[in-house]
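Containing mmCIF, C-alpha atoms and all ligand atoms: run_0.cif.
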data_entry
loop_
_atom_site.label_atom_id
_atom_site.label_comp_id
_atom_site.auth_asym_id
_atom_site.auth_seq_id
_atom_site.Cartn_x
_atom_site.Cartn_y
_atom_site.Cartn_z
CA MET T 147 4.35 27.42 -5.57
CA ASN T 148 2.17 25.39 -3.15
CA THR T 149 2.91 25.95 0.51
CA LEU T 150 2.01 23.90 3.59
CA ALA T 151 3.23 26.58 6.01
CA GLU T 152 5.50 29.59 5.89
CA ARG T 153 8.61 28.53 3.92
CA VAL T 154 7.43 24.92 3.58
CA TYR T 155 6.90 24.21 -0.10
CA ALA T 156 5.45 21.26 -2.03
CA VAL T 157 7.93 20.71 -4.88
CA GLY T 158 6.95 17.20 -5.98
CA VAL T 159 5.51 16.03 -9.27
CA GLN T 160 2.25 14.51 -10.53
CA HIS T 161 2.52 11.47 -12.78
CA TRP T 162 -0.93 11.62 -14.33
CA ASP T 163 -0.57 8.83 -16.88
CA ARG T 164 1.44 6.22 -15.00
CA ARG T 165 -0.65 3.08 -15.07
CA LEU T 166 1.46 0.49 -13.26
CA PHE T 167 3.70 0.57 -10.21
CA ASP T 168 6.45 -1.99 -9.57
CA GLU T 169 5.21 -3.63 -12.80
CA LEU T 170 2.42 -5.03 -10.64
CA ILE T 171 0.11 -2.47 -9.05
CA PRO T 172 -2.55 -0.86 -11.29
CA LEU T 173 -2.73 2.92 -10.98
CA PRO T 174 -6.18 3.89 -12.29
CA ASP T 175 -5.67 7.49 -11.12
CA GLY T 176 -1.92 7.83 -11.77
CA THR T 177 0.23 8.80 -8.82
CA SER T 178 2.39 11.58 -7.43
CA TYR T 179 5.88 11.72 -5.96
CA ASN T 180 5.65 14.38 -3.28
CA ALA T 181 8.78 16.19 -2.17
CA TYR T 182 8.89 19.13 0.23
CA LEU T 183 11.35 21.99 0.61
CA ILE T 184 11.78 23.55 4.04
CA LYS T 185 13.64 26.84 4.34
CA GLY T 186 14.83 27.59 7.85
CA ASN T 187 16.44 30.93 8.56
CA GLN T 188 19.83 29.21 8.56
CA LYS T 189 19.59 26.01 6.53
CA THR T 190 17.44 24.55 3.77
CA ALA T 191 16.33 20.93 3.45
CA LEU T 192 14.63 18.97 0.70
CA LEU T 193 12.51 16.08 1.98
CA ASP T 194 12.65 13.23 -0.57
CA THR T 195 12.95 13.56 -4.32
CA VAL T 196 10.92 12.00 -7.15
CA ASP T 197 10.93 9.08 -9.55
CA PRO T 198 13.81 9.36 -12.08
CA ALA T 199 11.25 9.69 -14.89
CA LYS T 200 10.26 13.07 -13.43
CA THR T 201 13.62 14.51 -12.33
CA SER T 202 13.52 17.48 -14.68
CA GLU T 203 10.17 18.63 -13.27
CA LEU T 204 11.53 18.45 -9.73
CA ILE T 205 14.54 20.51 -10.77
CA ASP T 206 12.20 23.09 -12.34
CA HIS T 207 10.25 23.32 -9.09
CA LEU T 208 13.43 23.75 -7.05
CA VAL T 209 14.54 26.54 -9.36
CA GLN T 210 11.15 28.24 -8.94
CA THR T 211 11.66 28.39 -5.16
CA GLY T 212 14.72 30.55 -5.79
CA ILE T 213 17.04 28.60 -3.52
CA GLU T 214 20.72 29.00 -4.28
CA LYS T 215 22.02 26.61 -1.67
CA LEU T 216 20.66 23.29 -0.43
CA ASP T 217 22.10 21.95 2.82
CA TYR T 218 20.26 18.67 3.26
CA ILE T 219 18.33 16.08 1.28
CA VAL T 220 16.34 13.99 3.75
CA SER T 221 15.68 10.51 2.43
CA HIS T 222 12.85 8.72 4.24
CA HIS T 223 12.87 5.63 2.06
CA ALA T 224 15.34 4.15 -0.42
CA GLU T 225 12.77 3.07 -3.02
CA GLN T 226 13.55 4.84 -6.26
CA ASP T 227 10.21 6.64 -6.64
CA HIS T 228 11.44 8.87 -3.79
CA SER T 229 15.20 8.52 -3.95
CA GLY T 230 15.80 8.16 -7.67
CA SER T 231 16.47 11.84 -8.34
CA ILE T 232 18.94 12.29 -5.46
CA PRO T 233 22.01 11.91 -7.72
CA ASP T 234 20.78 14.68 -10.04
CA VAL T 235 19.87 16.97 -7.15
CA LEU T 236 23.36 16.40 -5.73
CA LEU T 237 24.86 17.37 -9.08
CA MET T 238 22.92 20.62 -8.90
CA TYR T 239 23.68 21.24 -5.20
CA PRO T 240 26.99 19.42 -4.57
CA GLU T 241 27.36 20.82 -1.06
CA ALA T 242 24.15 19.09 0.11
CA LYS T 243 24.34 16.06 2.41
CA VAL T 244 21.91 13.17 2.30
CA VAL T 245 20.33 12.80 5.74
CA THR T 246 18.93 9.40 6.60
CA ASN T 247 19.17 6.43 8.95
CA PRO T 248 22.03 3.91 8.66
CA LYS T 249 19.89 1.22 7.02
CA CYS T 250 18.56 3.60 4.39
CA LYS T 251 22.08 4.93 3.77
CA SER T 252 23.30 1.43 3.08
CA MET T 253 20.42 0.80 0.65
CA LEU T 254 20.95 4.13 -1.12
CA MET T 255 24.64 3.31 -1.57
CA GLU T 256 23.61 -0.02 -3.14
CA HIS T 257 20.76 1.24 -5.31
CA LEU T 258 22.08 4.64 -6.36
CA ARG T 259 25.83 4.02 -5.92
CA LEU T 260 26.20 7.10 -3.70
CA GLU T 261 29.41 7.46 -1.69
CA GLU T 262 29.84 7.23 2.08
CA GLU T 263 30.96 10.86 2.47
CA GLN T 264 27.74 12.14 0.88
CA PHE T 265 25.70 11.14 3.98
CA ILE T 266 24.82 12.29 7.47
CA THR T 267 23.12 9.53 9.46
CA VAL T 268 20.56 10.19 12.18
CA GLU T 269 19.21 8.13 15.05
CA ASP T 270 15.57 7.60 16.00
CA GLY T 271 14.32 10.80 17.67
CA GLN T 272 17.36 12.85 16.64
CA GLU T 273 16.78 16.47 15.66
CA LEU T 274 18.42 18.59 13.00
CA SER T 275 18.10 22.36 13.22
CA LEU T 276 17.47 24.52 10.17
CA GLY T 277 17.55 27.62 12.42
CA ASP T 278 13.97 28.57 13.22
CA LYS T 279 12.66 25.22 12.01
CA THR T 280 13.55 21.78 13.36
CA LEU T 281 13.48 18.34 11.74
CA ARG T 282 12.89 15.46 14.14
CA PHE T 283 13.38 12.00 12.64
CA ILE T 284 11.09 9.18 13.70
CA TYR T 285 11.97 5.64 12.70
CA THR T 286 8.87 3.89 11.31
CA PRO T 287 10.18 0.63 9.86
CA TRP T 288 8.15 -1.44 7.38
CA VAL T 289 6.02 1.32 5.90
CA HIS T 290 6.99 0.01 3.24
CA TRP T 291 10.57 -1.30 3.46
CA PRO T 292 12.57 -1.95 6.64
CA GLU T 293 14.43 1.40 6.49
CA THR T 294 11.41 3.74 6.26
CA MET T 295 11.18 6.75 8.58
CA CYS T 296 9.16 9.96 8.98
CA THR T 297 10.09 13.56 9.78
CA TRP T 298 8.23 15.74 12.30
CA LEU T 299 8.38 19.50 11.91
CA PRO T 300 7.25 20.72 15.37
CA GLU T 301 7.11 24.46 14.60
CA ASP T 302 4.45 23.85 11.91
CA ARG T 303 3.09 20.56 13.33
CA ILE T 304 3.55 18.71 10.07
CA LEU T 305 4.33 14.98 9.83
CA PHE T 306 6.13 14.04 6.62
CA SER T 307 5.24 10.36 6.39
CA CYS T 308 6.59 9.23 2.99
CA ASP T 309 4.76 6.02 1.90
CA PHE T 310 2.92 5.79 5.26
CA PHE T 311 -0.69 7.05 4.77
CA GLY T 312 -0.08 7.58 1.05
CA SER T 313 -2.50 7.15 -1.84
CA HIS T 314 -1.74 6.62 -5.50
CA GLN T 315 -3.49 9.61 -7.02
CA ALA T 316 -2.43 12.34 -9.36
CA THR T 317 -4.30 15.49 -8.40
CA SER T 318 -4.03 19.22 -8.91
CA ARG T 319 -5.16 19.74 -5.31
CA LEU T 320 -2.50 19.97 -2.61
CA PHE T 321 -4.90 19.04 0.22
CA VAL T 322 -7.54 16.34 0.56
CA GLU T 323 -10.89 17.89 -0.36
CA ASP T 324 -13.03 14.85 -1.12
CA GLU T 325 -12.45 12.38 1.71
CA PRO T 326 -14.53 9.44 0.31
CA THR T 327 -12.52 9.45 -2.95
CA VAL T 328 -9.23 9.62 -1.09
CA TYR T 329 -10.42 6.91 1.31
CA GLU T 330 -10.84 4.48 -1.60
CA ALA T 331 -7.42 5.35 -3.06
CA ALA T 332 -5.71 5.14 0.33
CA LYS T 333 -7.35 1.79 1.08
CA ARG T 334 -6.18 0.44 -2.27
CA TYR T 335 -2.69 1.72 -1.47
CA TYR T 336 -2.79 0.17 2.02
CA ALA T 337 -3.97 -3.17 0.61
CA GLU T 338 -1.29 -3.37 -2.03
CA ILE T 339 1.65 -1.98 -0.09
CA MET T 340 1.10 -1.87 3.67
CA MET T 341 -1.15 -4.84 4.48
CA PRO T 342 1.66 -7.40 4.87
CA PHE T 343 3.13 -5.21 7.63
CA ARG T 344 0.04 -4.78 9.83
CA SER T 345 1.77 -5.49 13.11
CA ALA T 346 4.66 -3.10 12.39
CA ILE T 347 2.17 -0.39 11.41
CA ARG T 348 0.40 -0.86 14.74
CA GLY T 349 3.63 0.07 16.55
CA ASN T 350 4.32 2.99 14.23
CA LEU T 351 0.82 4.43 14.73
CA LYS T 352 1.35 4.32 18.50
CA LYS T 353 4.67 6.09 18.05
CA ILE T 354 3.11 9.10 16.32
CA GLU T 355 -0.10 9.27 18.39
CA SER T 356 1.43 11.60 20.96
CA LEU T 357 2.18 14.24 18.32
CA ASP T 358 -0.25 17.13 17.93
CA ILE T 359 -0.38 16.79 14.15
CA ARG T 360 -1.86 19.60 12.03
CA LEU T 361 -1.01 18.12 8.63
CA ILE T 362 0.12 14.71 7.42
CA ALA T 363 2.14 15.16 4.25
CA PRO T 364 2.73 11.79 2.56
CA SER T 365 4.90 11.17 -0.49
CA HIS T 366 2.00 9.95 -2.64
CA GLY T 367 -1.38 11.65 -2.97
CA PRO T 368 -2.77 14.78 -1.33
CA VAL T 369 -1.88 16.19 2.10
CA TYR T 370 -4.28 15.44 4.98
CA PRO T 371 -5.56 18.61 6.73
CA ARG T 372 -7.63 16.35 9.03
CA PRO T 373 -5.10 13.73 10.16
CA SER T 374 -7.66 11.76 12.22
CA PHE T 375 -9.41 10.85 8.93
CA ILE T 376 -6.52 8.72 7.69
CA MET T 377 -5.25 7.65 11.12
CA ASP T 378 -8.68 6.27 12.07
CA ALA T 379 -8.92 4.48 8.71
CA TYR T 380 -5.55 2.83 9.37
CA ARG T 381 -6.66 1.83 12.88
CA ASP T 382 -9.63 0.03 11.32
CA TRP T 383 -7.61 -1.65 8.54
CA ILE T 384 -4.84 -2.94 10.80
CA SER T 385 -7.21 -4.18 13.52
CA ASP T 386 -7.89 -7.90 13.81
CA ASP T 387 -11.56 -7.30 13.02
CA VAL T 388 -12.97 -8.94 9.89
CA LYS T 389 -16.39 -8.51 8.31
CA ASN T 390 -19.16 -10.87 7.23
CA GLU T 391 -17.76 -10.83 3.69
CA VAL T 392 -16.45 -13.41 1.22
CA VAL T 393 -14.19 -12.68 -1.73
CA VAL T 394 -14.65 -15.15 -4.60
CA ALA T 395 -11.97 -14.82 -7.27
CA PHE T 396 -12.20 -17.11 -10.26
CA VAL T 397 -10.69 -18.09 -13.60
CA SER T 398 -12.68 -20.11 -16.09
CA MET T 399 -11.85 -21.45 -19.54
CA HIS T 400 -15.01 -23.32 -20.58
CA ASP T 401 -17.52 -22.07 -17.98
CA SER T 402 -17.46 -25.05 -15.58
CA THR T 403 -15.62 -23.08 -12.91
CA ARG T 404 -17.53 -19.89 -13.74
CA ARG T 405 -20.83 -21.69 -13.21
CA MET T 406 -19.57 -22.96 -9.85
CA ALA T 407 -18.31 -19.52 -8.77
CA GLU T 408 -21.57 -17.82 -9.75
CA TYR T 409 -23.73 -20.48 -8.09
CA PHE T 410 -21.59 -20.27 -4.97
CA THR T 411 -21.88 -16.48 -4.91
CA GLU T 412 -25.67 -16.78 -4.90
CA ALA T 413 -25.53 -19.46 -2.21
CA LEU T 414 -23.54 -17.11 0.04
CA ALA T 415 -25.66 -14.06 -0.75
CA SER T 416 -28.86 -16.00 0.07
CA ARG T 417 -27.33 -16.57 3.53
CA ASN T 418 -26.99 -12.81 3.95
CA ILE T 419 -23.21 -12.85 3.49
CA ARG T 420 -21.75 -9.98 1.47
CA VAL T 421 -19.89 -11.39 -1.56
CA GLN T 422 -17.49 -9.81 -4.03
CA LEU T 423 -16.96 -11.89 -7.17
CA PHE T 424 -13.88 -11.21 -9.31
CA ASN T 425 -12.90 -12.60 -12.67
CA ILE T 426 -9.13 -12.72 -12.22
CA THR T 427 -8.32 -12.73 -15.93
CA GLY T 428 -8.02 -9.13 -17.07
CA GLY T 429 -9.40 -7.88 -13.76
CA ASP T 430 -8.07 -5.06 -11.58
CA VAL T 431 -5.96 -6.79 -8.92
CA GLY T 432 -6.12 -3.54 -6.93
CA LYS T 433 -9.89 -4.07 -6.47
CA LEU T 434 -9.19 -7.63 -5.39
CA ALA T 435 -6.60 -6.35 -2.91
CA ILE T 436 -9.02 -3.79 -1.43
CA SER T 437 -11.61 -6.50 -0.87
CA LEU T 438 -9.06 -8.55 1.07
CA VAL T 439 -8.67 -5.83 3.73
CA ASP T 440 -11.98 -6.68 5.47
CA ALA T 441 -13.19 -10.08 4.23
CA ALA T 442 -13.43 -12.93 6.73
CA THR T 443 -13.21 -15.51 3.94
CA VAL T 444 -11.47 -15.83 0.58
CA VAL T 445 -12.42 -18.46 -1.98
CA LEU T 446 -10.33 -19.05 -5.09
CA ALA T 447 -11.79 -20.89 -8.05
CA THR T 448 -9.80 -22.35 -10.91
CA PRO T 449 -9.93 -24.96 -13.63
CA THR T 450 -7.08 -27.42 -14.03
CA VAL T 451 -4.61 -26.66 -16.82
CA LEU T 452 -2.49 -29.70 -17.66
CA THR T 453 -1.70 -30.85 -14.11
CA GLY T 454 -2.13 -27.71 -11.99
CA PRO T 455 -4.16 -24.55 -11.48
CA HIS T 456 -4.67 -22.07 -14.28
CA PRO T 457 -1.58 -19.77 -14.19
CA ASN T 458 -3.79 -16.71 -13.60
CA ALA T 459 -5.30 -18.38 -10.54
CA ALA T 460 -1.83 -19.38 -9.34
CA TYR T 461 -0.84 -15.70 -9.69
CA ALA T 462 -3.88 -14.63 -7.63
CA ALA T 463 -3.03 -17.22 -4.97
CA MET T 464 0.56 -15.98 -4.80
CA LEU T 465 -0.68 -12.39 -4.53
CA VAL T 466 -3.14 -13.22 -1.73
CA ASN T 467 -0.40 -15.17 0.04
CA ALA T 468 2.06 -12.27 -0.28
CA LEU T 469 -0.40 -9.59 0.88
CA ARG T 470 -1.08 -11.50 4.12
CA PRO T 471 -4.70 -10.38 4.65
CA LYS T 472 -6.31 -11.01 8.04
CA THR T 473 -8.64 -13.52 6.36
CA ARG T 474 -9.76 -16.24 8.77
CA PHE T 475 -11.04 -18.88 6.30
CA VAL T 476 -9.91 -19.95 2.84
CA GLY T 477 -11.85 -22.06 0.34
CA LEU T 478 -11.03 -23.61 -2.99
CA ILE T 479 -13.38 -24.62 -5.77
CA GLY T 480 -12.68 -25.67 -9.34
CA SER T 481 -12.84 -28.25 -12.06
CA TYR T 482 -10.71 -30.67 -14.03
CA GLY T 483 -10.93 -32.81 -17.14
CA TRP T 484 -8.92 -35.91 -16.45
CA GLY T 485 -6.67 -35.50 -13.40
CA GLY T 486 -3.93 -33.36 -11.92
CA LYS T 487 -2.91 -31.91 -8.58
CA MET T 488 -4.62 -28.53 -8.69
CA PRO T 489 -5.97 -28.55 -5.09
CA GLU T 490 -2.62 -29.56 -3.61
CA GLN T 491 -0.74 -26.93 -5.61
CA MET T 492 -3.20 -24.14 -4.76
CA THR T 493 -3.08 -25.10 -1.07
CA SER T 494 0.69 -24.94 -1.17
CA LEU T 495 0.62 -21.48 -2.81
CA LEU T 496 -1.60 -20.21 0.03
CA SER T 497 0.44 -21.77 2.82
CA GLY T 498 1.59 -18.42 4.23
CA LEU T 499 -1.91 -17.46 5.36
CA LYS T 500 -2.82 -17.94 9.00
CA ALA T 501 -6.29 -19.14 8.06
CA GLU T 502 -8.33 -22.32 8.25
CA MET T 503 -8.39 -24.12 4.90
CA LEU T 504 -11.94 -25.34 4.24
CA PRO T 505 -12.58 -28.60 2.33
CA PRO T 506 -12.33 -27.95 -1.45
CA VAL T 507 -15.19 -28.55 -3.88
CA ILE T 508 -13.88 -29.89 -7.18
CA ALA T 509 -15.94 -30.94 -10.22
CA LYS T 510 -14.95 -33.40 -12.94
CA GLY T 511 -16.20 -31.61 -16.04
CA TYR T 512 -19.32 -29.45 -15.88
CA PRO T 513 -20.78 -29.28 -12.34
CA THR T 514 -23.43 -31.87 -11.48
CA GLU T 515 -26.23 -31.64 -8.91
CA ALA T 516 -23.91 -33.31 -6.41
CA VAL T 517 -21.37 -30.50 -6.96
CA PHE T 518 -24.01 -27.80 -6.45
CA THR T 519 -25.06 -29.55 -3.23
CA ALA T 520 -21.41 -29.53 -2.10
CA LEU T 521 -21.24 -25.79 -2.86
CA ASP T 522 -24.36 -25.24 -0.74
CA GLU T 523 -22.68 -27.17 2.05
CA LEU T 524 -19.53 -25.05 1.73
CA ALA T 525 -21.64 -21.87 1.90
CA GLU T 526 -23.34 -23.25 5.05
CA THR T 527 -19.95 -24.07 6.58
CA ILE T 528 -18.78 -20.50 5.95
CA LEU T 529 -21.99 -19.09 7.45
CA ASN T 530 -21.44 -21.21 10.57
CA ARG T 531 -17.79 -20.12 10.83
CA HIS T 532 -18.83 -16.47 10.52
CA ARG T 533 -21.52 -16.99 13.17
CA GLN T 534 -19.04 -18.61 15.54
CA ALA T 535 -16.72 -15.64 14.98
CA GLY T 536 -19.55 -13.28 15.94
CA LEU T 537 -19.75 -11.71 12.48
CA CYS T 538 -23.45 -12.41 11.86
CA GLN T 539 -26.58 -13.84 13.52
FE1 LIG T 601 6.55 5.14 -2.74
FE2 LIG T 601 7.85 2.35 -1.30
O1 LIG T 601 7.80 3.82 -2.42
#

Mind turning this structure into structure tokens?
Ligand code: FEO
Amino acid sequence: MNTLAERVYAVGVQHWDRRLFDELIPLPDGTSYNAYLIKGNQKTALLDTVDPAKTSELIDHLVQTGIEKLDYIVSHHAEQDHSGSIPDVLLMYPEAKVVTNPKCKSMLMEHLRLEEEQFITVEDGQELSLGDKTLRFIYTPWVHWPETMCTWLPEDRILFSCDFFGSHQATSRLFVEDEPTVYEAAKRYYAEIMMPFRSAIRGNLKKIESLDIRLIAPSHGPVYPRPSFIMDAYRDWISDDVKNEVVVAFVSMHDSTRRMAEYFTEALASRNIRVQLFNITGGDVGKLAISLVDAATVVLATPTVLTGPHPNAAYAAMLVNALRPKTRFVGLIGSYGWGGKMPEQMTSLLSGLKAEMLPPVIAKGYPTEAVFTALDELAETILNRHRQAGLCQ
């Protein structure tokens, strides 16, 4: 059994072959649902459970610890990948109480149909003694839902952060060993799950900064033995700083829009702007999400299908809009055959972004010299915007 400290056990489960989360997020490296068992000299607590698909493995792990009695199940977050096995654990240990905040309790009652009397609710900063070990609950809303919280174990200086600081990775290693690999996975996770809540995360980071943390134990991915590694990464991602980068994401049916996107990519690169070009159709939206964390500018490119954007481009626009990147400038390029309202519809789909919408470049049919000239002008406009923002010379 893996241990983080004396009588602090990792009892979660790896889900090596899961390939999609929330029917949306690609999981190239699978994921894990981390749960932790803490045995005090008087009471025992389980911190989170696992996805219902893996309940039996969690139960096996609990049996291996040899516990006969469980006093508490701490629920940091009501989402079912952490809470979904609570009903089965309660069947096994009916005397256990679910410990959580009032908002999470309400959500657990709705999602899992638990009963009122099965809960103990705790306030922000409240402590619960297990005897020689103490659980202190820290409200950290919006990492990922509004009810999320963390637990601080002062005797062992471990922060149990649930989704906060997580990474979707199945691994046989309990602790982070290869920081660059974990950095990529954690950035992908941040982009897909945390990015819309940047300002809330800022407050939550401040709240935990005064703790002398030895380990950060999230509920996805390996445990951080060097907490500053992931905390510094978060400080960078949530800052208002953007980079001299443009994300160009395109869909093309008959190569008109592709030709424009590729030409435009070269026009930007020749101006010493870093560009990432994505074909949306069949692409990894996780990679697209990662690129949105730092880019100053996003440009979407789509042909017109019937009267509007290609549905795959509309999906990308909705995703960008929902993820709320700190992007400062947004561009639109594309093509049409005979008419339609593609630019208006794409602009509307991106209306949640606090960014300047640059003039679109739209071709009728295959791009002409005039269209390429307009793309050069758009690239020059972006260069000037980046210069004015102090991102390049
Ligand atoms: Fe890992 Fe928001 O659940």

(request) Take the point (-4.1, 1.9, -1.0) in the file's coordinates, draw a sphere of radius 12 Å around it, and report as a PyMOL selection string every protein, DNA or RNA residue with an atom inside or on it, counting only C-alpha atoms. (result) chain T and resi 171-175+177+309-315+327-341+366-367+376+379-380+383+431-439

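Note that the spacing between atom CA of T:Gly498 and atom CA of T:Gly480 amounts to 21.0 Å.
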
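When all atoms listed in the file are used to measure the gap to T:Asn390, the shortest distance among T:Gln534, T:Val289, T:Gly429, T:Lys353 belongs to T:Gln534.
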
Can you pull out every residue with an atom within 6 Å of ligand LIG 601 (chain T)? Use only C-alpha atoms and all ligand atoms and format it as a PDB file with C-alpha atoms, in the frame of the given file.
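out-v4.pdb, freshly written:
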ATOM      1  CA  GLU T 225      12.770   3.070  -3.020  1.00  0.00           C
ATOM      2  CA  ASP T 227      10.210   6.640  -6.640  1.00  0.00           C
ATOM      3  CA  HIS T 290       6.990   0.010   3.240  1.00  0.00           C
ATOM      4  CA  ASP T 309       4.760   6.020   1.900  1.00  0.00           C
TER       5      ASP T 309
END

With all atoms of stretch 446-449 of chain T from the file as input, state the centre and edge lengths in Å to one decimal of the axis-aligned box that has 5 Å extra on each side, as AutoDock Vina command-line options.
--center_x -10.8 --center_y -22.0 --center_z -9.4 --size_x 12.0 --size_y 15.9 --size_z 18.5

(request) Kindly give the distance, in Å, that separates atom CA of T:Leu469 and atom CA of T:Leu496, rounded to a single decimal. (result) 10.7 Å

(message) Using only C-alpha atoms for the distances, tell me which of T:Glu490, T:Ile232, T:Ala395, T:Cys250 is nearest to T:Tyr461.
(response)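 Smallest separation from T:Tyr461 among the options: T:Ala395.
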
(request) Grab the atom CA of T:Gln226 to atom CA of T:Thr195 distance for me, in Å with one decimal place. (result) 9.0 Å

(request) Find the residues around stretch 211-213 of chain T up to 9 Å (only C-alpha atoms counted), leave out those fewer than 2 positions away in its own chain, and share them as a ChimeraX atom specification. (result) /T:147,155,157,183,185,190,206-209,215-216

(request) Return the single residue from T:Gln210, T:Asn467, T:Ser385, T:Ser365 that is closest to T:Ala316, with distances computed using all atoms listed in the file. (result)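 Nearest to T:Ala316: T:Ser365.
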
(request) May I ask which of the residues T:Val397, T:Ile528, T:Leu446, T:Ile304 is the closest one to T:Leu495, counting only C-alpha atoms? (result)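 Smallest distance to T:Leu495 is found for T:Leu446.
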
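If you count all atoms listed in the file and draw a sphere of 6 Å around (-10.7, -21.1, 3.5), the protein and nucleic acid residues inside it come out as Phe475, Val476, Gly477, Glu502, Met503 and Leu504 of chain T.
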
(message) Please determine, counting all atoms listed in the file, which residue among T:Asn247, T:Gln264, T:Asn180, T:Ser318 has the shortest atom-to-atom distance to T:Phe306.
(response)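 For T:Phe306, the nearest of the candidates is T:Asn180.
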
(request) Kindly indicate which residue among T:Gln272, T:Ser374, T:Ser252, T:Thr450 lies nearest to T:Pro292, using all atoms listed in the file for the distances. (result)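 Closest candidate: T:Ser252.
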
(message) Using all atoms listed in the file, which protein or nucleic acid residues come within 6 Å of stretch 470-474 of chain T? Drop anything in the same chain fewer than 6 positions from it, and give the result as a count of residues only.
(response) 5
